[in-house]
Amino acid sequence: MKKAAIVTGAGKGMGAAVARELHARGYGLALMSPSERCEALAAELGGVARRGYVESAEDTKALFDLAMKTYGRVDALLIHVGGPPKGDLLEIPETDWDKAHEMVLKPVIRLCKLVTPVMEKQGGGSIVAITTFSAFEPSLTFPTSSVYRVGVSSFSKLYSDRYGAANIRMNCLLPGFTDSLDLPQKFADMSALGRLARAEEQAKAAVFLLSEDSGYITGQSLRVDGGVTRHM
């Protein structure tokens, strides 16, 4: 039976690259992004799409329902969300902290609640959340992201402990600066490799974690940052 994957943030960048890599491995795709780009990509790759926002419970439920109606199963879930608000640490208004919570952490919990019963019934599955290199080395440049994305890693570890016996794995991908963003050279220079990552490189790492290639890896946060972070 053909495997199926849900990918959020699939309109461009890393999310679109993950969708292409999953398609190359034979997965049926259910894609979501706020724009029509997810629909265009789904048409190109023979999948289905639902425009929407990952922070919307209604939109994510509609995406899940579409995947189940189309494929009857969910083998892989890639959770990719946009960047939350930034600012000077104590100058960030509470409403922006709330928005970061709604954008970064709650969608992970919500989507896991949707797919877990399906994965349990079918005998397993794999979930990957794309977060950031600054999850474990917090950066004042990305304060809300640093705070909430490390929470995603914590949730991922708890989830992997709880559902490992059901053969469901969950990991996080912590990318560094990637070429899908319009970034100045100083960010490329922060890498030990002296360049930005290619979105396709991040996608290959994500799909490694989603596939049986990483069948004994769960509860981990894999840094794919070109050596930007320093801790070992």
# chains A, B, ... in the order shown; residues from 1 in each chain; ligands from 1
>>> select_by_dssp(residues="range 56-212 of chain A", states="strand (DSSP E or B)", output="list in words")
Ala76, Leu77, Leu78, Ile79, His80, Gly125, Ser126, Ile127, Val128, Ala129, Ile130, Ile168, Arg169, Met170, Asn171, Cys172, Leu173, Leu174, Pro175, Thr178 and Ala197 of chain A
>>> residues_around(residues="range 64-78 of chain A", least_positions_apart="6", cutoff="8 Å", atoms="only C-alpha atoms", output="PyMOL selection string")
chain A and resi 3-8+28-30+48-50+114-115+118-119+122+124-130+210-211
>>> select_by_dssp(residues="chain A", states="alpha helix (DSSP H)", output="PyMOL selection string")
chain A and resi 13-24+37-45+57-71+94-100+106-122+143-163+185-189+199-210
>>> write_last_selection(atoms="C-alpha atoms", output="compact mmCIF listing (two decimals), in the first residue's frame")
# COMPACT_ATOMS: atom_id res chain seq x y z
CA GLY A 13 11.46 26.62 0.87
CA MET A 14 12.15 23.66 3.09
CA GLY A 15 8.54 22.51 3.20
CA ALA A 16 8.30 22.33 -0.59
CA ALA A 17 11.70 20.62 -0.76
CA VAL A 18 10.52 17.99 1.75
CA ALA A 19 7.39 17.41 -0.33
CA ARG A 20 9.50 16.84 -3.44
CA GLU A 21 11.82 14.45 -1.61
CA LEU A 22 8.89 12.46 -0.20
CA HIS A 23 7.33 12.30 -3.65
CA ALA A 24 10.60 10.93 -5.03
CA ARG A 37 1.62 27.56 -4.00
CA CYS A 38 0.71 24.40 -2.10
CA GLU A 39 -2.02 23.70 -4.66
CA ALA A 40 0.36 24.21 -7.57
CA LEU A 41 2.94 21.90 -6.01
CA ALA A 42 0.33 19.26 -5.22
CA ALA A 43 -0.86 19.34 -8.82
CA GLU A 44 2.72 18.95 -10.03
CA LEU A 45 3.42 16.02 -7.69
CA ALA A 57 -7.33 24.27 14.30
CA GLU A 58 -10.00 24.32 11.58
CA ASP A 59 -7.43 24.38 8.78
CA THR A 60 -5.25 21.62 10.19
CA LYS A 61 -8.27 19.40 10.81
CA ALA A 62 -9.38 19.99 7.21
CA LEU A 63 -5.91 19.03 5.96
CA PHE A 64 -5.94 15.85 8.05
CA ASP A 65 -9.43 14.96 6.83
CA LEU A 66 -8.31 15.50 3.23
CA ALA A 67 -5.33 13.19 3.71
CA MET A 68 -7.51 10.48 5.22
CA LYS A 69 -10.19 10.83 2.54
CA THR A 70 -7.55 10.60 -0.20
CA TYR A 71 -5.16 7.98 1.17
CA GLU A 94 2.43 39.80 25.41
CA THR A 95 0.23 39.47 22.35
CA ASP A 96 3.32 38.56 20.30
CA TRP A 97 4.37 35.96 22.85
CA ASP A 98 0.85 34.54 22.60
CA LYS A 99 1.12 34.55 18.82
CA ALA A 100 4.43 32.67 19.00
CA LYS A 106 0.23 24.46 19.64
CA PRO A 107 0.17 23.26 16.01
CA VAL A 108 2.60 20.47 16.91
CA ILE A 109 0.41 19.26 19.76
CA ARG A 110 -2.76 19.65 17.69
CA LEU A 111 -1.43 17.73 14.67
CA CYS A 112 -0.03 14.97 16.85
CA LYS A 113 -3.46 14.53 18.42
CA LEU A 114 -4.96 14.13 14.96
CA VAL A 115 -2.51 11.63 13.47
CA THR A 116 -1.65 9.50 16.52
CA PRO A 117 -4.82 7.36 16.59
CA VAL A 118 -4.38 6.64 12.86
CA MET A 119 -0.72 5.74 13.26
CA GLU A 120 -1.51 3.51 16.24
CA LYS A 121 -4.17 1.66 14.25
CA GLN A 122 -1.94 1.14 11.21
CA PRO A 143 13.76 35.39 21.18
CA THR A 144 10.25 34.00 20.78
CA SER A 145 11.47 31.34 18.36
CA SER A 146 14.21 30.26 20.75
CA VAL A 147 11.80 29.97 23.66
CA TYR A 148 9.00 28.10 21.96
CA ARG A 149 10.96 25.89 19.60
CA VAL A 150 12.92 24.32 22.43
CA GLY A 151 9.48 23.51 23.84
CA VAL A 152 8.82 21.55 20.65
CA SER A 153 11.93 19.46 21.30
CA SER A 154 10.75 18.82 24.85
CA PHE A 155 7.31 17.79 23.63
CA SER A 156 8.91 15.58 20.98
CA LYS A 157 10.91 13.71 23.61
CA LEU A 158 7.85 13.22 25.79
CA TYR A 159 5.82 12.07 22.79
CA SER A 160 8.50 9.60 21.70
CA ASP A 161 8.56 8.10 25.20
CA ARG A 162 4.77 7.82 25.30
CA TYR A 163 4.17 6.37 21.84
CA GLN A 185 26.46 36.96 3.54
CA LYS A 186 27.14 37.41 7.27
CA PHE A 187 24.79 34.52 8.02
CA ALA A 188 26.57 32.24 5.56
CA ASP A 189 29.84 33.20 7.22
CA ALA A 199 16.75 23.66 1.11
CA GLU A 200 17.24 20.29 -0.57
CA GLU A 201 19.89 19.36 2.02
CA GLN A 202 17.48 20.12 4.84
CA ALA A 203 14.81 18.11 3.06
CA LYS A 204 17.01 15.05 2.75
CA ALA A 205 17.74 15.20 6.48
CA ALA A 206 14.04 15.62 7.29
CA VAL A 207 13.02 12.71 5.08
CA PHE A 208 15.76 10.57 6.61
CA LEU A 209 14.05 11.14 9.97
CA LEU A 210 10.60 10.53 8.50
>>> residues_around(residues="Val228 in chain A", least_positions_apart="6", cutoff="12 Å", atoms="only C-alpha atoms", output="tab-separated table (two decimals) with N, CA and C atoms, in the first residue's frame")
chain	number	residue	atom	x	y	z
A	132	THR	N	14.59	25.12	14.83
A	132	THR	CA	15.68	26.05	14.55
A	132	THR	C	16.94	25.67	15.30
A	133	PHE	N	18.09	26.04	14.76
A	133	PHE	CA	19.37	25.82	15.44
A	133	PHE	C	19.41	26.52	16.79
A	134	SER	N	18.64	27.61	16.95
A	134	SER	CA	18.70	28.39	18.20
A	134	SER	C	17.82	27.81	19.30
A	136	PHE	N	18.57	25.27	21.15
A	136	PHE	CA	19.42	24.90	22.28
A	136	PHE	C	20.56	25.87	22.51
A	137	GLU	N	20.72	26.81	21.63
A	137	GLU	CA	21.62	27.94	21.87
A	137	GLU	C	20.82	29.21	21.61
A	139	SER	N	19.09	32.67	20.95
A	139	SER	CA	19.63	33.88	20.35
A	139	SER	C	18.70	35.06	20.62
A	174	LEU	N	16.66	20.70	13.34
A	174	LEU	CA	17.06	22.05	13.74
A	174	LEU	C	17.95	22.64	12.65
A	175	PRO	N	17.34	23.30	11.66
A	175	PRO	CA	18.14	23.82	10.55
A	175	PRO	C	18.89	25.09	10.91
A	176	GLY	N	19.99	25.29	10.23
A	176	GLY	CA	20.68	26.56	10.29
A	176	GLY	C	20.16	27.47	9.19
A	177	PHE	N	20.95	28.47	8.85
A	177	PHE	CA	20.53	29.44	7.83
A	177	PHE	C	20.53	28.77	6.45
A	178	THR	N	19.40	28.92	5.77
A	178	THR	CA	19.14	28.15	4.55
A	178	THR	C	18.85	29.08	3.38
A	186	LYS	N	26.67	37.61	5.89
A	186	LYS	CA	27.14	37.41	7.27
A	186	LYS	C	26.56	36.14	7.88
A	187	PHE	N	25.37	35.74	7.47
A	187	PHE	CA	24.79	34.52	8.02
A	187	PHE	C	25.45	33.29	7.42
A	188	ALA	N	25.81	33.34	6.15
A	188	ALA	CA	26.57	32.24	5.56
A	188	ALA	C	27.92	32.10	6.24
A	189	ASP	N	28.52	33.22	6.59
A	189	ASP	CA	29.84	33.20	7.22
A	189	ASP	C	29.82	32.59	8.62
A	190	MET	N	28.66	32.54	9.25
A	190	MET	CA	28.56	31.94	10.58
A	190	MET	C	28.73	30.43	10.55
A	191	SER	N	28.50	29.82	9.39
A	191	SER	CA	28.65	28.38	9.24
A	191	SER	C	30.12	28.00	9.14
A	192	ALA	N	30.47	26.86	9.71
A	192	ALA	CA	31.83	26.35	9.54
A	192	ALA	C	32.13	26.03	8.08
A	193	LEU	N	31.08	25.81	7.30
A	193	LEU	CA	31.24	25.51	5.88
A	193	LEU	C	31.28	26.77	5.02
A	194	GLY	N	31.00	27.91	5.63
A	194	GLY	CA	31.10	29.18	4.92
A	194	GLY	C	30.02	29.41	3.88
A	195	ARG	N	28.90	28.75	4.03
A	195	ARG	CA	27.81	28.92	3.07
A	195	ARG	C	26.47	28.64	3.74
A	196	LEU	N	25.41	29.05	3.08
A	196	LEU	CA	24.07	28.70	3.52
A	196	LEU	C	23.77	27.25	3.15
A	197	ALA	N	22.88	26.64	3.92
A	197	ALA	CA	22.39	25.32	3.53
A	197	ALA	C	21.49	25.44	2.32
>>> closest_residue(among="A:Ser180, A:Thr141, A:Asn171, A:Ser56", to="Gln220 in chain A", atoms="only C-alpha atoms")
A:Asn171
>>> atom_distance(atom1="CA of Cys172 in chain A", atom2="CA of Ser221 in chain A")
4.5 Å
>>> closest_residue(among="A:Ile168, A:Val54, A:Val104, A:Met32", to="Glu212 in chain A", atoms="only C-alpha atoms")
A:Ile168
>>> atom_distance(atom1="CA of Gly83 in chain A", atom2="CA of Ala135 in chain A")
13.0 Å
>>> closest_residue(among="A:Thr131, A:Gly215, A:Glu55, A:His80", to="Glu102 in chain A", atoms="only C-alpha atoms")
A:Glu55
>>> atom_distance(atom1="CA of His231 in chain A", atom2="CA of Leu173 in chain A")
16.3 Å
>>> closest_residue(among="A:Gly123, A:Ser35, A:Gly9, A:Pro93", to="Ile79 in chain A", atoms="only C-alpha atoms")
A:Gly9
